[in-house]
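Engineer: Quick one: the structure is below, and I'll ask about it shortly.
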Amino acid sequence: MEKLVKKLNHISESVHLEDFEWEIPSNCPIEIPLSSSSGYEKNVYLKDNFHQHISNDEGLSSHYWVIQEWGGIGSFKKNVRNDKRINKFMQELPKERLTKDSFSCISSLSKVASFIEPEKYVIYDSRVIYSLNWLLFNLTDEKSLFPQPAGRSASLAKYDMQTIFRLTKQEVTYRSYNVAFHEYCQLIRMLAPLIFGKGSEPYKLEMLLFMIAPTWVINNIESSVSIKIASFA
């Protein structure tokens, strides 16, 4: 992991978290102070202060706000099925094993977990996993990677990472849906203080990985990967 930590430290020096932009919807259930002027500061305040609001919400309205409004996943509609999914997911979290159904919508459900316990859980997002898998594959001996959820980024879709990995002819496996989320959170919790200093919240590293996917990672793929097709005529 030494090479990975060194590279992440290098990236964090050129990609500044203060430039992180993610809009806070105007219907936010809690008031964001005016002193939080940047997108980064507003999101940090939300991460640090939304816990009590969402933890006491038995009606799940704040859970859906995080997924639909803040997270932009409008397809995760409020209905009986998704109510049950959220409640079951919350029961599975302390057991550190998820069902296949829970993991099938982990991009949505992990957002809820990240606001309930931001010091323990981070968002399992397509862009974050894309960045993390690329770094793990190239900088560590870890060849058991994390299954990547479907995403909406056109730039990432141009370079399917599983295809790239297969063409290297190196053996790569992916963690089971049962444990992938918790092992991912554990890894981010371990790495975050090494990148941003002792006591740093894990969401800071998640933000960095999210930021670099369509920029640094894509640029790195374009500069380091080339394919020559042998003539078959």
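Following the order of the structure tokens, chains are lettered A, B, ..., residues in each are numbered from 1, and ligands are numbered from 1.
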Excluding same-chain residues fewer than 4 positions from region 176-185 of chain A, what lies within 9 Å of it counting only C-alpha atoms, as a ChimeraX atom specification?

Structural biologist: /A:93,96-100,102-104,106,110,120-124,129,145-147,189-190,202

Engineer: With N, CA and C atoms retained, could you export that selection as a JSON list (two decimals), in the first residue's frame?

Structural biologist:
[["chain", "number", "residue", "atom", "x", "y", "z"],
["A", 93, "LEU", "N", -26.31, -3.33, 8.22],
["A", 93, "LEU", "CA", -25.05, -2.60, 8.41],
["A", 93, "LEU", "C", -24.23, -3.09, 9.60],
["A", 96, "GLU", "N", -22.33, -6.33, 9.05],
["A", 96, "GLU", "CA", -21.23, -6.23, 8.09],
["A", 96, "GLU", "C", -21.36, -7.22, 6.95],
["A", 97, "ARG", "N", -22.59, -7.53, 6.57],
["A", 97, "ARG", "CA", -22.87, -8.36, 5.40],
["A", 97, "ARG", "C", -24.16, -7.86, 4.77],
["A", 98, "LEU", "N", -24.11, -7.66, 3.46],
["A", 98, "LEU", "CA", -25.28, -7.18, 2.75],
["A", 98, "LEU", "C", -25.87, -8.28, 1.88],
["A", 99, "THR", "N", -27.17, -8.20, 1.66],
["A", 99, "THR", "CA", -27.81, -9.10, 0.73],
["A", 99, "THR", "C", -27.59, -8.58, -0.70],
["A", 100, "LYS", "N", -27.85, -9.44, -1.66],
["A", 100, "LYS", "CA", -27.69, -9.05, -3.07],
["A", 100, "LYS", "C", -28.63, -7.90, -3.42],
["A", 102, "SER", "N", -29.75, -5.51, -1.44],
["A", 102, "SER", "CA", -29.22, -4.26, -0.88],
["A", 102, "SER", "C", -28.07, -3.73, -1.71],
["A", 103, "PHE", "N", -27.17, -4.63, -2.12],
["A", 103, "PHE", "CA", -26.00, -4.17, -2.88],
["A", 103, "PHE", "C", -26.39, -3.72, -4.28],
["A", 104, "SER", "N", -27.51, -4.22, -4.78],
["A", 104, "SER", "CA", -27.93, -3.83, -6.14],
["A", 104, "SER", "C", -28.26, -2.34, -6.23],
["A", 106, "ILE", "N", -26.60, -0.04, -4.02],
["A", 106, "ILE", "CA", -25.66, 0.46, -3.03],
["A", 106, "ILE", "C", -25.30, 1.93, -3.27],
["A", 110, "SER", "N", -25.82, 3.58, 0.22],
["A", 110, "SER", "CA", -24.59, 3.99, 0.91],
["A", 110, "SER", "C", -24.61, 5.48, 1.22],
["A", 120, "LYS", "N", -17.74, 6.38, 9.82],
["A", 120, "LYS", "CA", -17.59, 4.94, 9.60],
["A", 120, "LYS", "C", -17.89, 4.52, 8.16],
["A", 121, "TYR", "N", -18.88, 5.15, 7.54],
["A", 121, "TYR", "CA", -19.32, 4.74, 6.21],
["A", 121, "TYR", "C", -19.11, 5.86, 5.20],
["A", 122, "VAL", "N", -18.79, 5.46, 3.97],
["A", 122, "VAL", "CA", -18.64, 6.42, 2.88],
["A", 122, "VAL", "C", -19.46, 5.95, 1.68],
["A", 123, "ILE", "N", -19.71, 6.87, 0.79],
["A", 123, "ILE", "CA", -20.56, 6.58, -0.36],
["A", 123, "ILE", "C", -19.85, 5.65, -1.34],
["A", 124, "TYR", "N", -20.54, 4.60, -1.73],
["A", 124, "TYR", "CA", -20.03, 3.63, -2.69],
["A", 124, "TYR", "C", -20.56, 4.04, -4.06],
["A", 129, "ILE", "N", -15.38, 4.18, -7.10],
["A", 129, "ILE", "CA", -14.89, 2.82, -7.30],
["A", 129, "ILE", "C", -14.02, 2.74, -8.56],
["A", 145, "LEU", "N", -10.65, -6.69, -6.54],
["A", 145, "LEU", "CA", -11.12, -5.32, -6.63],
["A", 145, "LEU", "C", -12.58, -5.21, -6.20],
["A", 146, "PHE", "N", -13.13, -4.01, -6.38],
["A", 146, "PHE", "CA", -14.49, -3.74, -5.91],
["A", 146, "PHE", "C", -15.45, -3.67, -7.09],
["A", 147, "PRO", "N", -16.58, -4.38, -7.03],
["A", 147, "PRO", "CA", -17.56, -4.30, -8.11],
["A", 147, "PRO", "C", -18.06, -2.87, -8.27],
["A", 189, "ARG", "N", -11.30, 4.24, 5.47],
["A", 189, "ARG", "CA", -11.02, 4.71, 6.84],
["A", 189, "ARG", "C", -9.54, 4.58, 7.16],
["A", 190, "MET", "N", -8.91, 3.53, 6.66],
["A", 190, "MET", "CA", -7.49, 3.31, 6.92],
["A", 190, "MET", "C", -6.62, 4.31, 6.15],
["A", 202, "PRO", "N", -13.21, 9.99, 6.80],
["A", 202, "PRO", "CA", -13.04, 9.21, 5.57],
["A", 202, "PRO", "C", -13.70, 9.83, 4.34]]

Engineer: Using only C-alpha atoms, which residues sit within 10 Å of Glu117 (chain A) once same-chain residues fewer than 6 positions away are excluded, as a list of chain:residue names?

Structural biologist: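 Contacts, with the query itself left out: A:Lys47, A:Asp48, A:Phe50, A:His51, A:Gln52, A:Ser55.
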
Engineer: Got a sec: who's within 10 Å of region 33-41 of chain A, counting only C-alpha atoms, leaving out chain neighbours fewer than 4 positions off, as number ranges by chain?

Structural biologist: A: 17-24, 45-47, 204, 207

Engineer: Restricting the calculation to only C-alpha atoms, which member of A:Thr140, A:Asn9, A:Ser114, A:Ser107 is positioned closest to Gly72 (chain A)?

Structural biologist: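 For Gly72 (chain A), the nearest of the given residues is A:Ser107.
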
Engineer: Tell me, as a CSV table (one decimal) with C-alpha atoms, in the first residue's frame, which residues lie within 8 Å of Glu201 (chain A), counting only C-alpha atoms; anything in the same chain fewer than 6 positions away does not count.

Structural biologist:
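And here is the file that came out, out04.csv:
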chain,number,residue,atom,x,y,z
A,118,PRO,CA,-20.0,9.7,8.4
A,119,GLU,CA,-17.0,8.6,10.5
A,189,ARG,CA,-11.0,4.7,6.8
A,192,ALA,CA,-7.8,8.8,4.8
A,193,PRO,CA,-5.6,9.7,7.8

Engineer: Select from region 89-189 of chain A every residue with an atom at most 10 Å from any atom of region 75-83 of chain A, then for each give the shortest pair of atoms and their distance in Å to one decimal, using only C-alpha atoms, rows by chain and rising number, as JSON lines.

Structural biologist:
{"residue": "A:Phe89", "atom": "CA", "partner": "A:Asp83", "partner_atom": "CA", "distance": 9.9}
{"residue": "A:Cys105", "atom": "CA", "partner": "A:Phe76", "partner_atom": "CA", "distance": 8.7}
{"residue": "A:Ser108", "atom": "CA", "partner": "A:Phe76", "partner_atom": "CA", "distance": 7.5}
{"residue": "A:Leu109", "atom": "CA", "partner": "A:Phe76", "partner_atom": "CA", "distance": 9.7}

Engineer: Give the strand (DSSP E) residues of region 16-223 of chain A, as assigned by DSSP on the backbone, as a list in words.

Structural biologist: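 In region 16-223 of chain A, DSSP puts these residues in strand (DSSP E): Ser144, Leu145, Thr173 and Tyr174 of chain A.
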
Engineer: Would you give me, as a compact mmCIF listing (two decimals) with C-alpha atoms, in the first residue's frame, the residues in chain A that DSSP reads as helix (DSSP H, G or I)?

Structural biologist:
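Full text of out.txt as output:
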# COMPACT_ATOMS: atom_id res chain seq x y z
CA GLU A 2 3.02 2.31 0.26
CA LYS A 3 2.92 3.20 -3.45
CA LEU A 4 -0.82 3.84 -3.25
CA VAL A 5 -0.45 6.18 -0.28
CA LYS A 6 2.40 8.03 -1.97
CA LYS A 7 0.39 8.50 -5.16
CA LEU A 8 -2.73 9.66 -3.31
CA ASN A 9 -0.63 12.16 -1.39
CA HIS A 10 0.76 13.44 -4.67
CA ILE A 11 -2.72 13.70 -6.18
CA SER A 12 -4.08 15.51 -3.12
CA GLU A 13 -1.42 18.19 -3.58
CA SER A 14 -2.61 19.01 -7.11
CA LEU A 17 -10.69 19.35 -2.03
CA GLU A 18 -11.70 22.97 -1.62
CA ASP A 19 -12.66 22.85 -5.32
CA GLY A 39 -19.58 23.84 -2.20
CA TYR A 40 -16.96 21.93 -0.24
CA GLU A 41 -17.69 23.76 3.02
CA LYS A 42 -21.44 23.28 2.62
CA ASN A 43 -21.08 19.56 2.04
CA VAL A 44 -18.71 19.15 4.97
CA TYR A 45 -21.19 20.98 7.21
CA LEU A 46 -23.97 18.71 5.98
CA LYS A 47 -21.89 15.58 6.60
CA ASP A 48 -21.02 16.73 10.10
CA ASN A 49 -24.49 17.93 11.13
CA HIS A 51 -26.66 12.82 11.60
CA GLN A 52 -29.23 13.65 14.26
CA HIS A 53 -31.87 14.66 11.74
CA ILE A 54 -31.66 11.50 9.64
CA SER A 55 -31.17 9.15 12.60
CA SER A 61 -38.29 11.41 4.41
CA SER A 62 -34.72 12.57 5.11
CA HIS A 63 -33.36 9.26 3.79
CA TYR A 64 -35.14 9.85 0.49
CA TRP A 65 -33.98 13.48 0.47
CA VAL A 66 -30.37 12.32 0.68
CA ILE A 67 -30.85 9.80 -2.14
CA GLN A 68 -33.14 11.73 -4.47
CA GLU A 69 -32.46 15.42 -3.87
CA TRP A 70 -28.90 15.62 -2.63
CA VAL A 80 -43.24 0.26 0.10
CA ARG A 81 -40.50 -1.78 -1.55
CA ASN A 82 -37.84 0.87 -1.13
CA ASP A 83 -38.99 1.63 2.43
CA LYS A 84 -38.33 -2.02 3.21
CA ARG A 85 -34.98 -1.86 1.40
CA ILE A 86 -33.81 1.07 3.49
CA ASN A 87 -34.93 -0.52 6.76
CA LYS A 88 -33.37 -3.87 5.86
CA PHE A 89 -30.13 -2.15 4.86
CA MET A 90 -29.97 -0.41 8.22
CA GLN A 91 -30.38 -3.79 9.94
CA GLU A 92 -27.64 -5.33 7.80
CA LEU A 93 -25.05 -2.60 8.41
CA PRO A 94 -23.96 -3.65 11.92
CA LYS A 95 -23.77 -7.29 10.75
CA LYS A 100 -27.69 -9.05 -3.07
CA ASP A 101 -30.79 -6.86 -3.17
CA SER A 102 -29.22 -4.26 -0.88
CA PHE A 103 -26.00 -4.17 -2.88
CA SER A 104 -27.93 -3.83 -6.14
CA ILE A 106 -25.66 0.46 -3.03
CA SER A 107 -25.07 3.82 -4.75
CA SER A 108 -28.35 4.96 -3.19
CA LEU A 109 -28.23 3.20 0.16
CA SER A 110 -24.59 3.99 0.91
CA LYS A 111 -25.49 7.69 0.76
CA VAL A 112 -27.85 7.12 3.69
CA ALA A 113 -25.19 5.25 5.67
CA SER A 114 -22.63 8.00 5.00
CA PHE A 115 -24.88 10.59 6.62
CA ILE A 116 -25.93 8.44 9.55
CA SER A 126 -19.42 4.47 -9.51
CA ARG A 127 -16.85 7.25 -9.93
CA VAL A 128 -15.17 6.54 -6.60
CA ILE A 129 -14.89 2.82 -7.30
CA TYR A 130 -13.58 3.53 -10.81
CA SER A 131 -10.75 5.62 -9.35
CA LEU A 132 -10.02 3.23 -6.51
CA ASN A 133 -9.86 0.12 -8.72
CA TRP A 134 -7.49 1.83 -11.16
CA LEU A 135 -5.15 2.84 -8.35
CA LEU A 136 -5.31 -0.54 -6.62
CA PHE A 137 -4.63 -2.41 -9.86
CA ASN A 138 -1.62 -0.29 -10.78
CA LEU A 139 -0.05 0.47 -7.42
CA ALA A 154 -19.99 9.48 -20.34
CA SER A 155 -16.23 9.97 -19.94
CA LEU A 156 -15.90 6.86 -17.76
CA ALA A 157 -18.08 4.82 -20.11
CA MET A 161 -12.07 -0.81 -16.83
CA GLN A 162 -12.96 -4.49 -16.76
CA THR A 163 -12.10 -4.72 -20.46
CA ILE A 164 -8.78 -2.97 -19.87
CA PHE A 165 -7.93 -5.33 -17.03
CA ARG A 166 -8.83 -8.41 -19.07
CA LEU A 167 -6.63 -7.26 -21.96
CA ALA A 180 -17.63 -5.30 -0.74
CA PHE A 181 -19.21 -2.24 0.88
CA HIS A 182 -17.82 -2.84 4.36
CA GLU A 183 -14.34 -3.74 3.10
CA TYR A 184 -14.38 -0.61 0.95
CA CYS A 185 -15.33 1.55 3.96
CA GLN A 186 -12.63 -0.11 6.03
CA LEU A 187 -10.00 0.63 3.38
CA ILE A 188 -11.06 4.27 3.04
CA ARG A 189 -11.02 4.71 6.84
CA MET A 190 -7.49 3.31 6.92
CA LEU A 191 -6.20 5.45 4.06
CA ALA A 192 -7.82 8.81 4.84
CA PRO A 193 -5.59 9.75 7.82
CA LEU A 194 -2.50 8.78 5.81
CA ILE A 195 -3.50 11.22 3.07
CA PHE A 196 -5.08 14.09 4.99
CA TYR A 203 -15.40 11.21 3.38
CA LYS A 204 -12.49 13.49 2.46
CA LEU A 205 -10.80 10.65 0.58
CA GLU A 206 -14.10 9.62 -0.97
CA MET A 207 -14.50 13.18 -2.26
CA LEU A 208 -10.99 13.13 -3.74
CA LEU A 209 -11.57 9.82 -5.52
CA PHE A 210 -14.88 11.16 -6.86
CA MET A 211 -13.19 14.30 -8.19
CA ILE A 212 -10.33 12.57 -10.02
CA ALA A 213 -12.30 9.90 -11.90
CA PRO A 214 -13.19 11.95 -15.03
CA THR A 215 -9.97 13.95 -14.94
CA TRP A 216 -6.79 12.46 -13.46
CA VAL A 217 -7.80 8.81 -13.88
CA ILE A 218 -9.05 9.21 -17.45
CA ASN A 219 -5.91 11.19 -18.37
CA ASN A 220 -3.78 8.49 -16.79
CA ILE A 221 -5.56 5.75 -18.73
CA GLU A 222 -5.17 7.65 -22.01
CA SER A 223 -1.47 8.23 -21.42
CA SER A 224 -0.57 4.77 -20.18

Engineer: Can you measure CA of Glu31 (chain A) to CA of Leu60 (chain A) for me? One decimal in Å is fine.

Structural biologist: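 Distance reported for this atom pair: 18.8 Å.
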